[in-house]
Every structure is written in structure tokens, then in C-alpha cells.
Amino acid sequence: MTIDRIPMSKEGYEKLKAQLDKMKNDDMPRIAEAIAQARGEGDLSENAEYDAQMEAQGMLQARINELQDKLARAMIVDRTNLPTDRVVFGSKVKVLDLDMHDEEDFILVGPGEEDYDQNKILLSSPIGQGLVGKRIGDIVEVPIPKGTLKLKVIAIGAE
């Protein structure tokens, strides 16, 4: 079994670590207290509040486990030494949509840094995966629900 490393910046790592800390030290105790209060209200078989809090606890624990896994597999990448001749983690990529004839910039980031309003997309997203390793002039075809997105790489730089 190989462990797939997850590239991320120091900032992204710290952001995920802070989220994990909040979940473990703030959210989980609050839910545990709500469960205790609901349990004190009597018959658990017909206690909707108890069921809802137990479900919330399970969902939060799943999210905690997911974040712990990402942090354990994190590979901190120094963005100062990134190549600009091909698309890699941290690259700012200008593409031309060959169907819409629109230019768009994407920045390939790791977990915790994605911000779709700022065009910071996950390296693991379909577009991110399609762009990785490409050079200026390369054409990328990304399957999307309504067909195929055809992008031409027109510029590569650092964020």
C-alpha cells in the first residue's frame, strides 16, 4: 500500500490544522454537551434531539478523520522554487477556452487553500489534474457533465 502525498503550502497546512483544532476542542465538546442534555430528557427511542446530535457527532468525527488523514499525508511545497516551463502545484496558469474563446487564470492549490471566487482550484480537481505537467501551447481536454472542456495553456507563472 502506498501513501499518496498531498502537496500543500505551509499556509494551507496551517489553515487545515486550525480547522482540526477547532473541531476537536470546540465543536466536539459542544455536541457532547448537547447529547448529554438530550439524554437527560428521558426516553431515547423517541428523542429527536438526541438522534440529531448523535448524527452531528458522527458527521463531525468523519470530518475530523478526513482532516487528520490529509494532514498526515501532507507534503509542504516551497513555492519559491517552482518551475515555470510546465504546470505544477502552485502554478498560476492562463488558459484559453477553445469553445468560448475566453481567457481564464487558475492557481493550482492544495486542500485548505481553495477559493473558487479567486480561481484557486484544487490540484486534485478535474481541471487541476488535466493541467498538471502541461506546457505553454498544450491543449487539455477535461470531461465535464455537459461534454468536454477544451483549454489551451497560454501562460504559466508563479502565484
# chains A, B, ... in the order shown; residues from 1 in each chain; ligands from 1
$ residues_around --residues "Gln19 in chain A" --least-positions-apart "3" --cutoff "12 Å" --atoms "only C-alpha atoms" --output "ChimeraX atom specification"
/A:12-16,22-27,60,63-64,66-68,71,111-112
$ select_by_dssp --residues "chain A" --states "strand (DSSP E)" --output "compact mmCIF listing (two decimals) with C-alpha atoms, in the first residue's frame"
# COMPACT_ATOMS: atom_id res chain seq x y z
CA ILE A 6 -0.91 15.66 -0.78
CA PRO A 7 1.01 18.76 -1.84
CA MET A 8 0.10 21.90 0.06
CA ALA A 74 0.72 16.48 3.61
CA MET A 75 3.84 17.38 1.69
CA ILE A 76 4.75 21.03 2.26
CA SER A 91 1.36 27.46 -10.68
CA LYS A 92 -0.73 30.32 -11.97
CA VAL A 93 -1.99 29.16 -15.35
CA LYS A 94 -3.65 31.30 -18.02
CA VAL A 95 -5.78 29.22 -20.35
CA LEU A 96 -7.92 29.92 -23.38
CA ASP A 97 -11.27 28.14 -23.51
CA ASP A 102 -12.47 33.29 -23.11
CA GLU A 103 -9.22 33.55 -21.19
CA GLU A 104 -9.15 32.47 -17.58
CA ASP A 105 -6.50 32.23 -14.88
CA PHE A 106 -6.27 29.35 -12.43
CA ILE A 107 -3.99 28.88 -9.47
CA LEU A 108 -3.44 25.24 -8.51
CA VAL A 109 -3.57 24.88 -4.74
CA LYS A 120 -7.79 28.99 -6.70
CA ILE A 121 -8.66 25.44 -7.63
CA LEU A 122 -7.57 22.19 -6.09
CA ILE A 139 -4.32 21.60 -25.20
CA VAL A 140 -6.17 19.97 -22.33
CA GLU A 141 -9.49 18.16 -22.62
CA VAL A 142 -11.34 17.92 -19.33
CA PRO A 143 -14.52 15.83 -19.12
CA ILE A 144 -17.37 17.81 -17.56
CA GLY A 147 -19.33 17.40 -22.55
CA THR A 148 -15.64 18.23 -22.72
CA LEU A 149 -13.91 21.43 -21.71
CA LYS A 150 -11.10 22.25 -24.16
CA LEU A 151 -8.41 24.54 -22.76
CA LYS A 152 -5.16 25.75 -24.30
CA VAL A 153 -2.35 26.71 -21.92
CA ILE A 154 -1.17 30.20 -22.91
CA ALA A 155 0.92 31.26 -19.90
CA ILE A 156 2.45 29.71 -16.77
CA GLY A 157 3.79 31.62 -13.80
CA ALA A 158 4.17 31.58 -10.06
$ select_by_dssp --residues "chain A" --states "helix (DSSP H, G or I)" --output "VMD selection string"
chain A and resid 10 to 39 44 to 46 48 to 72 79 to 81 116 to 118 126 to 131
$ atom_distance --atom1 "CA of Lys10 in chain A" --atom2 "CA of Phe89 in chain A"
12.9 Å
$ atom_distance --atom1 "CA of Pro83 in chain A" --atom2 "CA of Asp117 in chain A"
25.3 Å
